[in-house]
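Here the structure is laid out as structure tokens; the discussion comes afterwards.
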Amino acid sequence: MTNKETRIISGELMDEHIGLTLAELCQLCQLSAEEVQQFIDIGVIEPLSTPSEGWRFESTCVRKVKCAVKLQRDLGVNRAGAALALELIEELHRLRNRLKRYES
Amino acid sequence: MQFKDYYKVMGLSRDATQEDIKRAYRKLARQYHPDVSQEADAEERFKELGEAYEVLKDPEKRAAYDQLGSNWQTGQDFRPPPEWDQGFEFHGGGFTGADASQFSDFFESLFGRHYAGTQQRGAHFHASGDDAFAKILIDLKDAYEGANRTITIKRTYLDAHGHPELKDRKLNVHIPKGVRPGQHIRLAGQGDPGFGQGKPGDLYLEIAFNPHADYHVEGHDVFVTVPVTPWEAALGAVITATTPIGKFDIKVPAESASGRKLRLKGRGIPGKPPGDLYVVLNVVLPPANSESAKKAYKEMAEKFAFNPRKSAGV
């Protein structure tokens with residue numbers, strides 16, 4: 001192992017205070033701004049209502065968009081279908097977690 | 001290398017029509033999609049399914065695969081016969097966009113060379129490397145205090161001949177204090193290597209928390225479940241709650257029900273502003289495992305005019 005591999009790397013924490021910019025969100029989702037915009041239009045993700053100039057997004061939007069993209073690609077559903085499936089999946093996870101807490 | 005029976009993977013007979021194949025894929029994809037399925041091996045099954053569909057949905061690849069014959073069994077040791085694909089032309093028809101690097105050696109040996117190495121790279125070709133993504137599981141304590149964690153990521157290197165090769169790579173990463181689930185840490189220059197003199201890409205680590213029986217996190221708020229006795233909940237009490245940041249004496253108000261949340265402001269994940277810590281009460285009944293305990297329950301039955309099923313009309 002080289003020296004490079006053993007040192008401790010300090011990265012940059014994204015969305016530390018006020019959310020991701022549209023550019024950062026696109027980079028993390030590996031999509032173009034137009035593609036991300038389509039997910040905003042259909043309500044898969046929502047920009048934060050912050051007074052700062054330009055859109056800001058919660059970090060959790062990345063997972064949502066990536067999941068929607070996968071659903072579209074893998075199941076052949078359209079964007080609206082992916083959005084619906086995503087909402088139901090999230091609800092399902094919330095309920096499963098809640099159930100787990102009550103059952104434990 | 002092991003033979004893979006793509007028909008078996010898709011639950012189809014060898015005379016299935018292209019329509020059957022498409023239908024079976026759609027159905028199984030919904031069933032085993034890792035984002036949807038609860039089954040432990042969903043991801044594995046889904047990968048296998050994608051690979052099977054990649055071959056069977058394309059009449060050219062399917063015909064080539066079929067002429068290997070039907071005597072092969074899943075898992076049987078397999079070498080492609082020499083010139084096995086003679087007379088077949090692959091046009092790479094309709095790649096699903098599935099991640100072909102995830103496909104098995106079996107697929108690779110049959111169809112791989114038709115896809116790999118199509119990029120012609122001249123001696124003076126330079127390009128930045130791709131960004132890489134990985135998920136890192138941390139403990140809640142790490143978010144409160146910050147920590148150094150060693151992570152292992154799979155990474156593609158190009159060997160001396162320019163062939164991609166998958167290797168494990170260990171990285172020691174600092175987890176900054178105050179991280180929330182879903183946030184990303186950018187490690188500049190730690191992504192895939194560039195070509196020529198191109199810069200390497202960045203590595204993005206998505207933060208997720210290890211599941212814990214008593215804690216869960218929503219945004220920067222932390223919820224901790226604390227068991228209380230029925231009399232503590234009913235009469236009120238000061239209890240000692242064990243939380244991710246140590247023990248706290250907490251005042252339980254009288255007439256608390258199970259599920260009641262008590263907020264400790266600013267004691268959630270640190271930050272500007274910090275999150276809150278919620279103590280969620282869980283009323284636990286004492287077991288009736290002795291004569292005196294049974295007697296106490298009987299006395300309660302006599303003294304309370306209590307019917308929890310009253311609203312159900314019984």
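Scheme for the structure tokens: letters A, B, ... for chains in order shown; per-chain residue numbers from 1; ligand numbers from 1 in order shown.
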
Pick out the residues sitting within 12 Å of range 30-47 of chain A, and hand them over as a PyMOL selection string; count only C-alpha atoms, and ignore anything fewer than 5 positions along from it in its own chain. (chain A and resi 18-25+52-69+72+78-88+90) or (chain B and resi 130-133+204)

Write out as an NGL selection string the residues lying within 7 Å of Glu12 in chain A, counting only C-alpha atoms and excluding same-chain residues fewer than 6 positions away. :B and (185-187)

Atoms to include: all heavy atoms. Write the selected residues as a PDB file, in the first residue's frame.
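Printed below is out12.pdb as written:
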ATOM      1  N   ILE B 185     -20.190  13.745   0.392  1.00  0.00           N
ATOM      2  CA  ILE B 185     -18.846  14.284   0.595  1.00  0.00           C
ATOM      3  C   ILE B 185     -18.118  14.162  -0.745  1.00  0.00           C
ATOM      4  O   ILE B 185     -18.097  13.092  -1.349  1.00  0.00           O
ATOM      5  CB  ILE B 185     -18.080  13.490   1.674  1.00  0.00           C
ATOM      6  CG1 ILE B 185     -18.814  13.581   3.019  1.00  0.00           C
ATOM      7  CG2 ILE B 185     -16.651  14.001   1.810  1.00  0.00           C
ATOM      8  CD1 ILE B 185     -18.196  12.720   4.096  1.00  0.00           C
ATOM      9  N   ARG B 186     -17.576  15.277  -1.203  1.00  0.00           N
ATOM     10  CA  ARG B 186     -16.840  15.237  -2.471  1.00  0.00           C
ATOM     11  C   ARG B 186     -15.355  15.073  -2.186  1.00  0.00           C
ATOM     12  O   ARG B 186     -14.760  15.883  -1.473  1.00  0.00           O
ATOM     13  CB  ARG B 186     -17.068  16.511  -3.271  1.00  0.00           C
ATOM     14  CG  ARG B 186     -16.108  16.587  -4.481  1.00  0.00           C
ATOM     15  CD  ARG B 186     -16.553  17.543  -5.540  1.00  0.00           C
ATOM     16  NE  ARG B 186     -16.841  18.862  -5.000  1.00  0.00           N
ATOM     17  CZ  ARG B 186     -17.644  19.742  -5.585  1.00  0.00           C
ATOM     18  NH1 ARG B 186     -18.236  19.435  -6.712  1.00  0.00           N
ATOM     19  NH2 ARG B 186     -17.855  20.908  -5.046  1.00  0.00           N
ATOM     20  N   LEU B 187     -14.763  14.024  -2.745  1.00  0.00           N
ATOM     21  CA  LEU B 187     -13.329  13.817  -2.630  1.00  0.00           C
ATOM     22  C   LEU B 187     -12.728  14.127  -4.004  1.00  0.00           C
ATOM     23  O   LEU B 187     -12.804  13.315  -4.929  1.00  0.00           O
ATOM     24  CB  LEU B 187     -13.006  12.387  -2.197  1.00  0.00           C
ATOM     25  CG  LEU B 187     -13.671  11.935  -0.884  1.00  0.00           C
ATOM     26  CD1 LEU B 187     -13.401  10.470  -0.619  1.00  0.00           C
ATOM     27  CD2 LEU B 187     -13.178  12.769   0.291  1.00  0.00           C
TER      28      LEU B 187
END

Identify which of the residues B:Val55, B:Ala213, B:Val226, B:Met10 lies closest to Val283 in chain B, counting only C-alpha atoms when measuring atom-to-atom distances.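 Closest to Val283 in chain B of all the choices is B:Val226.
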
Could you work out which residues of chain B fall inside 7 Å of chain A? Count only C-alpha atoms, and format the result as a list in words.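 Those within range of chain A come out as Arg26, Ala29, Arg30, Val36, Lys170, Leu171, Asn172, Val173, His174, Gly182, Gln183, His184, Ile185, Arg186 and Leu187 of chain B.
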
Next, write the just-selected residues to a file, as a JSON list (two decimals), in the first residue's frame, keeping N, CA and C atoms as the atom set.
[["chain", "number", "residue", "atom", "x", "y", "z"],
["B", 26, "ARG", "N", -40.80, -7.48, -17.92],
["B", 26, "ARG", "CA", -41.49, -6.39, -17.23],
["B", 26, "ARG", "C", -42.02, -6.83, -15.87],
["B", 29, "ALA", "N", -39.07, -7.65, -13.52],
["B", 29, "ALA", "CA", -38.33, -6.43, -13.17],
["B", 29, "ALA", "C", -39.04, -5.67, -12.07],
["B", 30, "ARG", "N", -40.37, -5.66, -12.15],
["B", 30, "ARG", "CA", -41.13, -4.99, -11.07],
["B", 30, "ARG", "C", -40.96, -5.75, -9.76],
["B", 36, "VAL", "N", -37.76, -1.56, -5.04],
["B", 36, "VAL", "CA", -39.12, -1.96, -4.71],
["B", 36, "VAL", "C", -39.13, -3.20, -3.82],
["B", 170, "LYS", "N", -8.88, 0.78, -0.83],
["B", 170, "LYS", "CA", -9.20, 1.25, 0.52],
["B", 170, "LYS", "C", -8.92, 2.74, 0.62],
["B", 171, "LEU", "N", -9.82, 3.45, 1.26],
["B", 171, "LEU", "CA", -9.62, 4.88, 1.47],
["B", 171, "LEU", "C", -9.92, 5.21, 2.93],
["B", 172, "ASN", "N", -9.11, 6.06, 3.51],
["B", 172, "ASN", "CA", -9.40, 6.55, 4.86],
["B", 172, "ASN", "C", -10.03, 7.93, 4.72],
["B", 173, "VAL", "N", -11.25, 8.03, 5.17],
["B", 173, "VAL", "CA", -12.00, 9.25, 4.92],
["B", 173, "VAL", "C", -12.43, 9.90, 6.24],
["B", 174, "HIS", "N", -12.30, 11.19, 6.28],
["B", 174, "HIS", "CA", -12.78, 11.91, 7.45],
["B", 174, "HIS", "C", -14.27, 12.21, 7.28],
["B", 182, "GLY", "N", -28.10, 11.26, 3.43],
["B", 182, "GLY", "CA", -28.36, 11.76, 2.08],
["B", 182, "GLY", "C", -27.38, 12.82, 1.62],
["B", 183, "GLN", "N", -26.59, 13.36, 2.55],
["B", 183, "GLN", "CA", -25.58, 14.34, 2.13],
["B", 183, "GLN", "C", -24.43, 13.65, 1.41],
["B", 184, "HIS", "N", -23.67, 14.44, 0.68],
["B", 184, "HIS", "CA", -22.54, 13.88, -0.07],
["B", 184, "HIS", "C", -21.24, 14.54, 0.35],
["B", 185, "ILE", "N", -20.19, 13.75, 0.39],
["B", 185, "ILE", "CA", -18.85, 14.28, 0.60],
["B", 185, "ILE", "C", -18.12, 14.16, -0.74],
["B", 186, "ARG", "N", -17.58, 15.28, -1.20],
["B", 186, "ARG", "CA", -16.84, 15.24, -2.47],
["B", 186, "ARG", "C", -15.35, 15.07, -2.19],
["B", 187, "LEU", "N", -14.76, 14.02, -2.75],
["B", 187, "LEU", "CA", -13.33, 13.82, -2.63],
["B", 187, "LEU", "C", -12.73, 14.13, -4.00]]

Among the residues of range 2-89 of chain A, find those DSSP assigns to strand (DSSP E) from the backbone and print them as a PyMOL selection string. chain A and resi 8-10+12-13

Select from range 7-58 of chain B everything DSSP, run on the backbone, classes as helix (DSSP H, G or I), then give the selection as number ranges by chain. B: 7-9, 18-32, 42-56

Set the distance at 12 Å and use only C-alpha atoms: which residues neighbour Ile239 in chain B once local chain neighbours fewer than 2 positions away are removed? I'd like the list as a CSV table (one decimal) with all heavy atoms, in the first residue's frame.
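Done, and the output landed in result_39.csv:
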chain,number,residue,atom,x,y,z
B,226,VAL,N,-37.4,5.3,24.3
B,226,VAL,CA,-37.0,5.0,25.7
B,226,VAL,C,-38.2,4.3,26.3
B,226,VAL,O,-39.3,4.8,26.3
B,226,VAL,CB,-36.7,6.3,26.4
B,226,VAL,CG1,-36.4,6.0,27.9
B,226,VAL,CG2,-35.5,7.0,25.8
B,227,PRO,N,-37.9,3.1,26.9
B,227,PRO,CA,-39.0,2.4,27.6
B,227,PRO,C,-39.3,3.0,28.9
B,227,PRO,O,-38.4,3.4,29.7
B,227,PRO,CB,-38.4,1.0,27.8
B,227,PRO,CG,-37.0,1.1,27.6
B,227,PRO,CD,-36.7,2.3,26.9
B,228,VAL,N,-40.6,3.1,29.3
B,228,VAL,CA,-41.0,3.5,30.6
B,228,VAL,C,-42.1,2.6,31.2
B,228,VAL,O,-42.7,1.8,30.4
B,228,VAL,CB,-41.7,5.0,30.5
B,228,VAL,CG1,-40.6,6.0,30.1
B,228,VAL,CG2,-42.8,5.0,29.5
B,229,THR,N,-42.2,2.6,32.5
B,229,THR,CA,-43.2,1.7,33.1
B,229,THR,C,-44.6,2.4,33.0
B,229,THR,O,-44.6,3.7,32.8
B,229,THR,CB,-42.9,1.5,34.6
B,229,THR,OG1,-42.9,2.8,35.3
B,229,THR,CG2,-41.5,0.9,34.8
B,231,TRP,N,-46.6,3.1,35.4
B,231,TRP,CA,-46.8,4.1,36.5
B,231,TRP,C,-45.9,5.4,36.2
B,231,TRP,O,-46.4,6.5,36.6
B,231,TRP,CB,-46.5,3.6,37.9
B,231,TRP,CG,-45.3,2.7,38.0
B,231,TRP,CD1,-44.0,3.1,38.4
B,231,TRP,CD2,-45.2,1.3,37.8
B,231,TRP,NE1,-43.2,2.0,38.4
B,231,TRP,CE2,-43.8,0.9,38.0
B,231,TRP,CE3,-46.1,0.3,37.4
B,231,TRP,CZ2,-43.4,-0.4,37.9
B,231,TRP,CZ3,-45.6,-1.0,37.2
B,231,TRP,CH2,-44.3,-1.3,37.5
B,232,GLU,N,-44.8,5.2,35.6
B,232,GLU,CA,-44.0,6.4,35.2
B,232,GLU,C,-44.8,7.3,34.2
B,232,GLU,O,-44.9,8.5,34.3
B,232,GLU,CB,-42.6,6.1,34.6
B,232,GLU,CG,-41.6,5.6,35.6
B,232,GLU,CD,-40.4,4.9,35.0
B,232,GLU,OE1,-40.5,4.5,33.9
B,232,GLU,OE2,-39.4,4.8,35.7
B,233,ALA,N,-45.4,6.6,33.2
B,233,ALA,CA,-46.2,7.3,32.2
B,233,ALA,C,-47.4,7.9,32.8
B,233,ALA,O,-47.8,9.0,32.4
B,233,ALA,CB,-46.5,6.3,31.1
B,236,GLY,N,-46.2,10.5,36.0
B,236,GLY,CA,-45.1,11.4,35.7
B,236,GLY,C,-43.9,11.0,36.5
B,236,GLY,O,-44.0,10.4,37.6
B,237,ALA,N,-42.7,11.2,36.0
B,237,ALA,CA,-41.5,10.8,36.7
B,237,ALA,C,-40.3,11.5,36.0
B,237,ALA,O,-40.4,12.0,34.9
B,237,ALA,CB,-41.4,9.3,36.6
B,241,ALA,N,-32.6,8.7,30.5
B,241,ALA,CA,-32.7,8.2,29.1
B,241,ALA,C,-31.3,8.1,28.5
B,241,ALA,O,-30.5,9.0,28.7
B,241,ALA,CB,-33.6,9.1,28.3
B,242,THR,N,-31.1,6.9,27.9
B,242,THR,CA,-29.8,6.7,27.2
B,242,THR,C,-29.9,7.2,25.8
B,242,THR,O,-30.8,6.7,25.0
B,242,THR,CB,-29.4,5.2,27.3
B,242,THR,OG1,-29.4,4.8,28.6
B,242,THR,CG2,-28.0,5.1,26.7
B,247,LYS,N,-26.3,10.0,28.7
B,247,LYS,CA,-27.5,9.9,29.5
B,247,LYS,C,-28.0,11.2,30.0
B,247,LYS,O,-27.3,12.1,30.3
B,247,LYS,CB,-27.1,9.0,30.8
B,247,LYS,CG,-26.8,7.6,30.4
B,247,LYS,CD,-26.7,6.7,31.6
B,247,LYS,CE,-26.0,5.4,31.5
B,247,LYS,NZ,-26.4,4.6,30.3
B,248,PHE,N,-29.4,11.3,29.9
B,248,PHE,CA,-30.0,12.5,30.3
B,248,PHE,C,-31.1,12.2,31.3
B,248,PHE,O,-31.8,11.2,31.2
B,248,PHE,CB,-30.7,13.2,29.1
B,248,PHE,CG,-29.8,14.0,28.2
B,248,PHE,CD1,-29.3,13.4,27.1
B,248,PHE,CD2,-29.5,15.3,28.5
B,248,PHE,CE1,-28.4,14.1,26.3
B,248,PHE,CE2,-28.6,16.0,27.7
B,248,PHE,CZ,-28.1,15.4,26.6
B,249,ASP,N,-31.3,13.1,32.3
B,249,ASP,CA,-32.5,13.0,33.1
B,249,ASP,C,-33.6,13.8,32.5
B,249,ASP,O,-33.5,15.0,32.1
B,249,ASP,CB,-32.2,13.6,34.5
B,249,ASP,CG,-31.4,12.6,35.3
B,249,ASP,OD1,-31.3,11.4,35.0
B,249,ASP,OD2,-30.7,13.0,36.3
B,250,ILE,N,-34.7,13.1,32.2
B,250,ILE,CA,-35.8,13.7,31.5
B,250,ILE,C,-37.1,13.6,32.3
B,250,ILE,O,-37.4,12.6,33.0
B,250,ILE,CB,-36.0,13.0,30.2
B,250,ILE,CG1,-34.8,13.2,29.3
B,250,ILE,CG2,-37.3,13.4,29.5
B,250,ILE,CD1,-34.8,12.3,28.1
B,251,LYS,N,-37.8,14.7,32.3
B,251,LYS,CA,-39.1,14.7,33.0
B,251,LYS,C,-40.2,14.2,32.2
B,251,LYS,O,-40.5,14.8,31.1
B,251,LYS,CB,-39.4,16.2,33.5
B,251,LYS,CG,-40.5,16.3,34.5
B,251,LYS,CD,-40.6,17.7,35.0
B,251,LYS,CE,-41.8,17.8,36.0
B,251,LYS,NZ,-43.1,17.7,35.3
B,252,VAL,N,-40.8,13.1,32.6
B,252,VAL,CA,-42.0,12.5,31.9
B,252,VAL,C,-43.2,13.2,32.5
B,252,VAL,O,-43.4,13.0,33.7
B,252,VAL,CB,-42.0,11.0,32.0
B,252,VAL,CG1,-43.2,10.4,31.3
B,252,VAL,CG2,-40.7,10.4,31.4
B,253,PRO,N,-44.0,13.9,31.7
B,253,PRO,CA,-45.2,14.5,32.3
B,253,PRO,C,-46.2,13.4,32.6
B,253,PRO,O,-46.3,12.3,32.0
B,253,PRO,CB,-45.8,15.4,31.1
B,253,PRO,CG,-44.7,15.4,30.1
B,253,PRO,CD,-43.9,14.2,30.3
B,279,VAL,N,-37.2,12.3,22.5
B,279,VAL,CA,-37.3,11.1,23.2
B,279,VAL,C,-38.7,10.5,23.0
B,279,VAL,O,-39.7,11.2,23.3
B,279,VAL,CB,-37.0,11.3,24.7
B,279,VAL,CG1,-37.4,10.1,25.6
B,279,VAL,CG2,-35.6,11.7,24.9
B,281,LEU,N,-41.5,7.9,24.1
B,281,LEU,CA,-41.9,7.0,25.2
B,281,LEU,C,-42.5,5.8,24.7
B,281,LEU,O,-43.3,5.8,23.8
B,281,LEU,CB,-42.8,7.7,26.1
B,281,LEU,CG,-42.3,9.0,26.8
B,281,LEU,CD1,-43.4,9.6,27.7
B,281,LEU,CD2,-41.0,8.8,27.5

For Pro270 in chain B: contacts at 7 Å, only C-alpha atoms, fewer than 5 positions along chain excluded, given as a CSV table (one decimal) with N, CA, C and O atoms, in the first residue's frame:
chain,number,residue,atom,x,y,z
B,144,TYR,N,-22.4,13.0,15.2
B,144,TYR,CA,-22.3,13.9,16.4
B,144,TYR,C,-20.9,14.4,16.6
B,144,TYR,O,-20.7,15.5,17.0
B,178,GLY,N,-21.6,16.6,12.1
B,178,GLY,CA,-22.9,17.3,11.6
B,178,GLY,C,-23.4,16.8,10.3
B,178,GLY,O,-24.3,17.4,9.7
B,275,GLY,N,-30.1,20.1,14.9
B,275,GLY,CA,-31.4,19.4,14.9
B,275,GLY,C,-31.9,19.2,16.3
B,275,GLY,O,-31.2,19.6,17.3

Using only C-alpha atoms, can you tell me which of B:Lys261, B:Tyr25, B:Val314, B:Pro230 comes closest to Pro286 in chain B?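 Of the candidates, the smallest distance to Pro286 in chain B is held by B:Pro230.
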
In Å, rounded to a single decimal, give me how far CA of Gly246 in chain B is from CA of Pro181 in chain B.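 For CA of Pro181 in chain B relative to CA of Gly246 in chain B, the distance reads 21.1 Å.
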